[in-house]
There are 2 protein chains.
Amino acid sequence: MSNSEKPTRKVTSFDVARRAGVSRAAVSRTFTPNASVSPETRDKVVKAAKELGYRVNYLARGLINQRSDFVGIVAAGMDNPFRAMQIEQITKNLVRRNFRPILLPADHGESADHVMDQLLHYNVSGVLVTSDAPPTALCAEFAAAGVPIVLINKADSIPAVDRVVSDNDTAGRLAAATLIETGARHLAVMSAAAISYTARRRQQAFLACCHSLEADVRVIPVKINDYANGFAAAAMLDGVDGVFCINDYMACGLVDGLRRRGIAIPDDVRIVGHDDVPQASWAGYDLTTLRQPCDLQAEQAIDLLLSRMDNPETAERVEVTPVSLVRRSTA
Amino acid sequence: MSNSEKPTRKVTSFDVARRAGVSRAAVSRTFTPNASVSPETRDKVVKAAKELGYRVNYLARGLINQRSDFVGIVAAGMDNPFRAMQIEQITKNLVRRNFRPILLPADHGESADHVMDQLLHYNVSGVLVTSDAPPTALCAEFAAAGVPIVLINKADSIPAVDRVVSDNDTAGRLAAATLIETGARHLAVMSAAAISYTARRRQQAFLACCHSLEADVRVIPVKINDYANGFAAAAMLDGVDGVFCINDYMACGLVDGLRRRGIAIPDDVRIVGHDDVPQASWAGYDLTTLRQPCDLQAEQAIDLLLSRMDNPETAERVEVTPVSLVRRSTA
DNA sequence: TCCGATATTGCACACGTGTACAGTTCCACG
DNA sequence: CGTGGAACTGTACACGTGTGCAATATCGGA
């Protein structure tokens with residue numbers, strides 16, 4: 001209908017004010033919660049805004065408010081299906097709470113620092129980190145800028161940085177107990193402990209529990225906790241009849257590797273994974289595993305973020321995500 | 001070392017200017033590419049900036065430049081592993097080009113509109129959409145605001161909206177040819193054609209090719225193109241010995257469902273999937289499938305975004321992502 | 001020495017918004 | 001009718017930055 005209106009300047013609150021016959025402040029107040037505007041002027045403003053297609057410029061608002069609606073998510077290893085679940089839950093939760101998630105992949109080594117450095121340019125309200133833990137110096141810069149950081153399943157204590165960790169101790173204990181209970185006598189744990197805090201922690205808990213039960217245990221080292229390494233590790237299981245895989249991603253590989261070699265699951269080898277990835281419940285795997293409720297974990301992490309936004313001076317907190325055993329057919 | 005410096009005001013270009021003994025404009029020019037600053041003042045500014053921990057406020061910069069570094073990604077169905085790959089490639093590509101991806105999940109019906117509406121508040125440089133196509137009215141608003149939109153694998157033509165679509169025609173043809181070539185005589189295609197443009201298109205191409213070859217074909221309707229529906233559909237294959245699954249996600253379900261019923265693959269039933277998801281190459285599936293190179297697809301989509309940013313007035317373009325057959329053991 | 005051209009600098013304005021402050025209106029109550 | 005207070009409105013400033021314009025400094029050549 002309307003002709004081509006080339007010089008479509010961005011419509012501002014000033015335009016709306018003029019059209020509604022009020023001051024620009026009235027427009028601002030109309031779109032600011034808990035501001036004082038009479039119903040009549042509000043109506044006039046809303047009407048004019050709708051006619052003009054006006055939207056508040058959140059960048060300008062963030063400038064004046066000293067805080068934006070952005071939350072950074074720093075993630076690595078997105079090939080792991082668990083990471084996909086995690087990111088989905090986190091982003092949905094953030095959007096539900098009216099934040100905008102800005103997602104930064106940080107795979108190759110030092111890029112995590114670089115990428116987080118970028119975030120300091122945007123007045124983000126907070127940062128969630130699921131990749132390697134950022135260096136302490138950088139964390140200090142965020143703290144100085146008043147930007148809370150929450151680490152998910154990562155690393156040891158850093159000053160002024162909150163953390164959410166899944167209950168790795170219980171996980172290790174449950175894994176050992178389940179394997180033994182289902183008949184395993186020669187246990188093993190598979191993990192690239194050097195890489196990840198989580199892997200290291202679960203491995204330790206598993207070993208500790210096995211030792212306390214005086215069970216026979218070995219460590220099967222892998223380079224990375226992924227499918228390929230799990231598959232390859234099937235060749236290194238002589239004399240083992242029960243394996244705890246640090247995550248399901250790797251466990252799927254192990255299952256396929258064992259089948260390829262004609263080894264029966266769970267009769268010859270029992271397997272317990274971790275995470276309860278979607279593939280774990282696929283009929284092809286039907287993996288006994290430890291469920292890590294990443295919807296709850298996302299909730300916890302974002303709660304921590306908000307509470308530190310409100311009072312930044314509190315001591316760092318650690319929230320533990322509960323773990324529960326999901327019994328399926330591999331153990 | 002330094003004492004607790006509570007009133008840590010955000011450090012601005014003004015602070016840097018004072019410390020370096022220059023004007024604020026000099027600071028701005030130092031951090032603006034292709035600006036005119038002498039090497040000496042630049043050095044002074046850089047030194048002062050480092051000492052103070054100064055970072056350019058990109059929100060303010062975006063305000064003055066009328067454009068931010070943000071690119072919106074609207075995605076649905078993140079449980080599908082292909083979506084995870086897609087998002088990983090897109091975000092990595094964007095970050096490499098110095099954009100910040102803001103990821104908005106849009107699963108439940110109308111929320112895509114709502115979520116995209118939010119983006120108009122942020123002066124985003126562009127939007128990539130992999131969920132359902134946004135309504136035409138909304139697209140017009142983006143066009144008016146000068147914000148390019150690129151649809152990935154979605155919907156039909158919308159004015160001023162560029163698209164990237166994978167080569168669905170070739171996919172359907174290759175699938176049919178491969179199934180027949182490997183001995184199938186009674187074909188079927190599985191897809192929730194009502195839901196998705198891509199599914200509809202691939203199905204059509206497959207049927208057309210079968211008809212032209214005078215092969216026996218059926219359509220097996222499902223509600224959603226996911227694992228569970230693929231698994232359940234294994235019960236509906238009487239007399240079928242070759243199936244084209246619209247995506248690998250569903251194909252994995254079908255494979256597991258058939259195995260459960262004792263049906264041999266590929267001897268009794270041949271299967272061709274689509275996407276070449278990571279699971280397709282897992283030993284447990286070893287799926288013959290059509291590879292859709294989503295790294296290339298991301299590149300194409302972002303190229304379209306950039307080229308429309310430069311000249312917004314051009315007619316809408318459609319880029320086709322090539323598809324290639326990956327022969328594995330299911331066909 | 002003088003002059004024109006070039007490189008560099010600072011001033012001042014603009015981007016679009018939130019809100020303190022003072023001023024105005026209006027109403028209820030004495 | 002007078003008055004106090006509540007509700008509302010507009011003015012003016014602030015947020016942190018990029019850049020046009022004019023002014024100044026520098027330099028090479030005649």
# chains A, B, ... in the order shown; residues from 1 in each chain; ligands from 1
call {"tool": "residues_around", "arguments": {"residues": "Asn93 in chain B", "least_positions_apart": "5", "cutoff": "12 Å", "atoms": "only C-alpha atoms (C1' of nucleotides)", "output": "PDB file with N, CA and C atoms, in the first residue's frame"}}
result
ATOM      1  N   LEU A 104      29.466 -18.048  22.819  1.00  0.00           N
ATOM      2  CA  LEU A 104      30.821 -17.965  22.294  1.00  0.00           C
ATOM      3  C   LEU A 104      31.508 -19.316  22.388  1.00  0.00           C
ATOM      4  N   PRO A 105      31.728 -19.963  21.270  1.00  0.00           N
ATOM      5  CA  PRO A 105      32.453 -21.231  21.265  1.00  0.00           C
ATOM      6  C   PRO A 105      33.921 -20.966  21.560  1.00  0.00           C
TER       7      PRO A 105
ATOM      8  N   VAL B  71      24.538 -10.621  15.813  1.00  0.00           N
ATOM      9  CA  VAL B  71      23.744 -11.324  14.814  1.00  0.00           C
ATOM     10  C   VAL B  71      22.840 -12.298  15.553  1.00  0.00           C
ATOM     11  N   GLN B  86      24.926 -27.459  13.280  1.00  0.00           N
ATOM     12  CA  GLN B  86      24.637 -26.227  12.567  1.00  0.00           C
ATOM     13  C   GLN B  86      24.975 -25.013  13.435  1.00  0.00           C
ATOM     14  N   ILE B  87      24.483 -25.038  14.655  1.00  0.00           N
ATOM     15  CA  ILE B  87      24.707 -23.903  15.551  1.00  0.00           C
ATOM     16  C   ILE B  87      26.189 -23.749  15.865  1.00  0.00           C
ATOM     17  N   GLU B  88      26.865 -24.862  16.042  1.00  0.00           N
ATOM     18  CA  GLU B  88      28.301 -24.770  16.306  1.00  0.00           C
ATOM     19  C   GLU B  88      29.014 -24.100  15.134  1.00  0.00           C
ATOM     20  N   ASN B  98      34.270 -11.645  13.722  1.00  0.00           N
ATOM     21  CA  ASN B  98      34.096 -10.555  14.675  1.00  0.00           C
ATOM     22  C   ASN B  98      32.655 -10.126  14.886  1.00  0.00           C
ATOM     23  N   PHE B  99      31.735 -11.067  14.766  1.00  0.00           N
ATOM     24  CA  PHE B  99      30.365 -10.800  15.187  1.00  0.00           C
ATOM     25  C   PHE B  99      30.098 -11.526  16.501  1.00  0.00           C
ATOM     26  N   ARG B 100      29.050 -11.095  17.207  1.00  0.00           N
ATOM     27  CA  ARG B 100      28.640 -11.788  18.437  1.00  0.00           C
ATOM     28  C   ARG B 100      27.292 -12.452  18.186  1.00  0.00           C
ATOM     29  N   PRO B 101      27.258 -13.751  18.224  1.00  0.00           N
ATOM     30  CA  PRO B 101      25.999 -14.458  17.979  1.00  0.00           C
ATOM     31  C   PRO B 101      25.110 -14.437  19.216  1.00  0.00           C
ATOM     32  N   CYS B 294      27.411 -28.526   6.716  1.00  0.00           N
ATOM     33  CA  CYS B 294      26.849 -27.338   7.366  1.00  0.00           C
ATOM     34  C   CYS B 294      27.917 -26.311   7.681  1.00  0.00           C
ATOM     35  N   ASP B 295      29.192 -26.651   7.543  1.00  0.00           N
ATOM     36  CA  ASP B 295      30.196 -25.596   7.639  1.00  0.00           C
ATOM     37  C   ASP B 295      30.091 -24.686   6.418  1.00  0.00           C
ATOM     38  N   LEU B 296      29.975 -25.303   5.261  1.00  0.00           N
ATOM     39  CA  LEU B 296      29.808 -24.528   4.036  1.00  0.00           C
ATOM     40  C   LEU B 296      28.504 -23.745   4.064  1.00  0.00           C
ATOM     41  N   GLN B 297      27.469 -24.399   4.557  1.00  0.00           N
ATOM     42  CA  GLN B 297      26.165 -23.754   4.608  1.00  0.00           C
ATOM     43  C   GLN B 297      26.212 -22.495   5.479  1.00  0.00           C
ATOM     44  N   ALA B 298      26.903 -22.609   6.617  1.00  0.00           N
ATOM     45  CA  ALA B 298      27.052 -21.447   7.487  1.00  0.00           C
ATOM     46  C   ALA B 298      27.779 -20.330   6.738  1.00  0.00           C
ATOM     47  N   GLU B 299      28.824 -20.699   6.039  1.00  0.00           N
ATOM     48  CA  GLU B 299      29.586 -19.724   5.262  1.00  0.00           C
ATOM     49  C   GLU B 299      28.684 -19.018   4.248  1.00  0.00           C
ATOM     50  N   GLN B 300      27.915 -19.805   3.534  1.00  0.00           N
ATOM     51  CA  GLN B 300      27.022 -19.214   2.529  1.00  0.00           C
ATOM     52  C   GLN B 300      26.035 -18.244   3.166  1.00  0.00           C
ATOM     53  N   ALA B 301      25.446 -18.683   4.261  1.00  0.00           N
ATOM     54  CA  ALA B 301      24.423 -17.860   4.916  1.00  0.00           C
ATOM     55  C   ALA B 301      25.009 -16.528   5.376  1.00  0.00           C
ATOM     56  N   ILE B 302      26.176 -16.587   5.983  1.00  0.00           N
ATOM     57  CA  ILE B 302      26.767 -15.362   6.513  1.00  0.00           C
ATOM     58  C   ILE B 302      27.261 -14.474   5.381  1.00  0.00           C
ATOM     59  N   ASP B 303      27.727 -15.084   4.307  1.00  0.00           N
ATOM     60  CA  ASP B 303      28.097 -14.285   3.135  1.00  0.00           C
ATOM     61  C   ASP B 303      26.883 -13.516   2.614  1.00  0.00           C
TER      62      ASP B 303
END
call {"tool": "residues_around", "arguments": {"residues": "DG20 in chain D", "least_positions_apart": "6", "cutoff": "12 Å", "atoms": "only C-alpha atoms (C1' of nucleotides)", "output": "PDB file with N, CA and C atoms (P, O5', C5', C4', C3', O3' and C1' of nucleotides), in the first residue's frame"}}
result
ATOM      1  P    DC C  11      39.873  20.835  23.597  1.00  0.00           P
ATOM      2  O5'  DC C  11      38.623  21.442  22.819  1.00  0.00           O
ATOM      3  C5'  DC C  11      38.837  22.486  21.883  1.00  0.00           C
ATOM      4  C4'  DC C  11      37.561  22.744  21.092  1.00  0.00           C
ATOM      5  C3'  DC C  11      36.277  22.613  21.898  1.00  0.00           C
ATOM      6  O3'  DC C  11      35.427  23.694  21.587  1.00  0.00           O
ATOM      7  C1'  DC C  11      36.205  21.187  20.010  1.00  0.00           C
ATOM      8  P    DA C  12      34.124  23.973  22.459  1.00  0.00           P
ATOM      9  O5'  DA C  12      32.974  23.284  21.605  1.00  0.00           O
ATOM     10  C5'  DA C  12      32.880  23.560  20.210  1.00  0.00           C
ATOM     11  C4'  DA C  12      31.925  22.587  19.561  1.00  0.00           C
ATOM     12  C3'  DA C  12      30.651  22.311  20.366  1.00  0.00           C
ATOM     13  O3'  DA C  12      29.546  22.491  19.529  1.00  0.00           O
ATOM     14  C1'  DA C  12      31.674  20.280  19.733  1.00  0.00           C
ATOM     15  P    DC C  13      28.064  22.575  20.158  1.00  0.00           P
ATOM     16  O5'  DC C  13      27.339  21.379  19.404  1.00  0.00           O
ATOM     17  C5'  DC C  13      27.423  21.292  17.981  1.00  0.00           C
ATOM     18  C4'  DC C  13      27.285  19.846  17.554  1.00  0.00           C
ATOM     19  C3'  DC C  13      25.993  19.161  18.011  1.00  0.00           C
ATOM     20  O3'  DC C  13      25.246  18.778  16.875  1.00  0.00           O
ATOM     21  C1'  DC C  13      27.882  17.768  18.321  1.00  0.00           C
ATOM     22  P    DA C  14      23.719  18.395  17.063  1.00  0.00           P
ATOM     23  O5'  DA C  14      23.725  16.800  16.872  1.00  0.00           O
ATOM     24  C5'  DA C  14      24.275  16.225  15.693  1.00  0.00           C
ATOM     25  C4'  DA C  14      24.491  14.750  15.933  1.00  0.00           C
ATOM     26  C3'  DA C  14      23.282  14.038  16.547  1.00  0.00           C
ATOM     27  O3'  DA C  14      22.785  13.081  15.627  1.00  0.00           O
ATOM     28  C1'  DA C  14      25.301  13.488  17.696  1.00  0.00           C
TER      29       DA C  14
END
call {"tool": "interface_residues", "arguments": {"of": "chain B", "to": "chain A", "cutoff": "6 Å", "atoms": "only C-alpha atoms", "output": "ChimeraX atom specification"}}
result
/B:55-59,101-103,121-122,256,283-284
call {"tool": "write_last_selection", "arguments": {"atoms": "N, CA and C atoms", "output": "PDB file, in the first residue's frame"}}
result
ATOM      1  N   ARG B  55      38.583  -0.732  28.166  1.00  0.00           N
ATOM      2  CA  ARG B  55      38.051  -1.394  26.969  1.00  0.00           C
ATOM      3  C   ARG B  55      36.983  -0.497  26.354  1.00  0.00           C
ATOM      4  N   VAL B  56      37.019  -0.403  25.054  1.00  0.00           N
ATOM      5  CA  VAL B  56      36.000   0.365  24.349  1.00  0.00           C
ATOM      6  C   VAL B  56      34.627  -0.214  24.666  1.00  0.00           C
ATOM      7  N   ASN B  57      33.695   0.639  24.951  1.00  0.00           N
ATOM      8  CA  ASN B  57      32.322   0.203  25.187  1.00  0.00           C
ATOM      9  C   ASN B  57      31.608   0.045  23.847  1.00  0.00           C
ATOM     10  N   TYR B  58      31.420  -1.213  23.461  1.00  0.00           N
ATOM     11  CA  TYR B  58      30.845  -1.464  22.142  1.00  0.00           C
ATOM     12  C   TYR B  58      29.374  -1.074  22.056  1.00  0.00           C
ATOM     13  N   LEU B  59      28.708  -1.007  23.190  1.00  0.00           N
ATOM     14  CA  LEU B  59      27.308  -0.579  23.147  1.00  0.00           C
ATOM     15  C   LEU B  59      27.235   0.882  22.727  1.00  0.00           C
ATOM     16  N   PRO B 101      27.258 -13.751  18.224  1.00  0.00           N
ATOM     17  CA  PRO B 101      25.999 -14.458  17.979  1.00  0.00           C
ATOM     18  C   PRO B 101      25.110 -14.437  19.216  1.00  0.00           C
ATOM     19  N   ILE B 102      23.885 -13.976  19.052  1.00  0.00           N
ATOM     20  CA  ILE B 102      22.966 -14.095  20.169  1.00  0.00           C
ATOM     21  C   ILE B 102      21.921 -15.147  19.812  1.00  0.00           C
ATOM     22  N   LEU B 103      21.913 -16.204  20.609  1.00  0.00           N
ATOM     23  CA  LEU B 103      21.186 -17.434  20.278  1.00  0.00           C
ATOM     24  C   LEU B 103      19.823 -17.452  20.942  1.00  0.00           C
ATOM     25  N   HIS B 121      15.138  -4.699  19.054  1.00  0.00           N
ATOM     26  CA  HIS B 121      15.536  -3.720  20.064  1.00  0.00           C
ATOM     27  C   HIS B 121      17.053  -3.554  20.151  1.00  0.00           C
ATOM     28  N   TYR B 122      17.794  -4.381  19.451  1.00  0.00           N
ATOM     29  CA  TYR B 122      19.236  -4.407  19.679  1.00  0.00           C
ATOM     30  C   TYR B 122      20.071  -3.955  18.493  1.00  0.00           C
ATOM     31  N   ASP B 256      17.113 -48.786  14.920  1.00  0.00           N
ATOM     32  CA  ASP B 256      16.930 -49.470  16.198  1.00  0.00           C
ATOM     33  C   ASP B 256      15.600 -50.215  16.242  1.00  0.00           C
ATOM     34  N   ALA B 283      29.751 -46.576  14.715  1.00  0.00           N
ATOM     35  CA  ALA B 283      29.756 -47.977  14.292  1.00  0.00           C
ATOM     36  C   ALA B 283      28.405 -48.646  14.517  1.00  0.00           C
ATOM     37  N   GLY B 284      27.674 -48.220  15.513  1.00  0.00           N
ATOM     38  CA  GLY B 284      26.389 -48.831  15.815  1.00  0.00           C
ATOM     39  C   GLY B 284      25.344 -48.576  14.748  1.00  0.00           C
TER      40      GLY B 284
END
call {"tool": "closest_atom_pairs", "arguments": {"of": "chain B", "to": "chain C", "cutoff": "8 Å", "atoms": "only C-alpha atoms (C1' of nucleotides)", "output": "CSV"}}
result
residue,atom,partner,partner_atom,distance
B:Ser23,CA,C:DG10,C1',6.5
B:Ala25,CA,C:DG10,C1',7.5
B:Ala26,CA,C:DT9,C1',7.7
B:Ser36,CA,C:DT8,C1',7.1
B:Val37,CA,C:DT8,C1',6.5
B:Ser38,CA,C:DT8,C1',6.6
B:Leu63,CA,C:DC15,C1',5.3
B:Ile64,CA,C:DC15,C1',4.4
B:Asn65,CA,C:DC15,C1',7.6
B:Gln66,CA,C:DC15,C1',7.5
call {"tool": "closest_atom_pairs", "arguments": {"of": "chain D", "to": "chain B", "cutoff": "8 Å", "atoms": "only C-alpha atoms (C1' of nucleotides)", "output": "Markdown table"}}
result
| residue | atom | partner | partner_atom | distance |
| --- | --- | --- | --- | --- |
| D:DG16 | C1' | B:Ala60 | CA | 5.4 |
| D:DT17 | C1' | B:Ala60 | CA | 5.1 |
| D:DG18 | C1' | B:Ile64 | CA | 6.3 |
call {"tool": "write_last_selection", "arguments": {"atoms": "N, CA and C atoms (P, O5', C5', C4', C3', O3' and C1' of nucleotides)", "output": "short mmCIF file (atom, residue, chain, number, x, y, z; two decimals), in the first residue's frame"}}
result
data_model
loop_
_atom_site.label_atom_id
_atom_site.label_comp_id
_atom_site.auth_asym_id
_atom_site.auth_seq_id
_atom_site.Cartn_x
_atom_site.Cartn_y
_atom_site.Cartn_z
P DG D 16 30.05 5.89 31.58
"O5'" DG D 16 30.60 5.72 30.09
"C5'" DG D 16 30.34 4.53 29.39
"C4'" DG D 16 30.64 4.73 27.92
"C3'" DG D 16 32.05 5.24 27.62
"O3'" DG D 16 32.68 4.33 26.75
"C1'" DG D 16 30.43 6.49 26.45
P DT D 17 34.13 4.58 26.17
"O5'" DT D 17 33.84 5.09 24.70
"C5'" DT D 17 33.39 4.18 23.73
"C4'" DT D 17 32.63 4.88 22.64
"C3'" DT D 17 33.47 5.51 21.54
"O3'" DT D 17 33.66 4.55 20.53
"C1'" DT D 17 31.53 6.82 22.12
P DG D 18 34.76 4.82 19.39
"O5'" DG D 18 33.96 5.70 18.33
"C5'" DG D 18 33.02 5.05 17.48
"C4'" DG D 18 32.47 6.04 16.46
"C3'" DG D 18 33.48 6.53 15.43
"O3'" DG D 18 32.81 6.67 14.18
"C1'" DG D 18 32.61 8.38 16.63
#
call {"tool": "select_by_dssp", "arguments": {"residues": "range 21-241 of chain A", "states": "alpha helix (DSSP H)", "output": "PyMOL selection string"}}
result
chain A and resi 24-30+39-52+58-65+81-96+111-119+136-144+168-181+197-212+227-233
call {"tool": "residues_around", "arguments": {"residues": "Ser324 in chain A", "least_positions_apart": "4", "cutoff": "10 Å", "atoms": "only C-alpha atoms (C1' of nucleotides)", "output": "list of chain:residue names"}}
result
A:Asp167, A:Thr170, A:Ala171, A:Leu174, A:His274, A:Asp275, A:Asp276, A:Thr289, A:Leu290, A:Arg291, A:Gln292, A:Pro293
call {"tool": "atom_distance", "arguments": {"atom1": "CA of Gly183 in chain A", "atom2": "CA of Ala199 in chain A"}}
result
24.5 Å
call {"tool": "atom_distance", "arguments": {"atom1": "CA of Asp169 in chain A", "atom2": "CA of Thr198 in chain A"}}
result
10.3 Å
call {"tool": "atom_distance", "arguments": {"atom1": "CA of Pro135 in chain A", "atom2": "CA of Leu52 in chain B"}}
result
19.2 Å
call {"tool": "select_by_dssp", "arguments": {"residues": "range 158-278 of chain A", "states": "strand (DSSP E or B)", "output": "PyMOL selection string"}}
result
chain A and resi 162-166+186-191+216-221+242-245+270-275
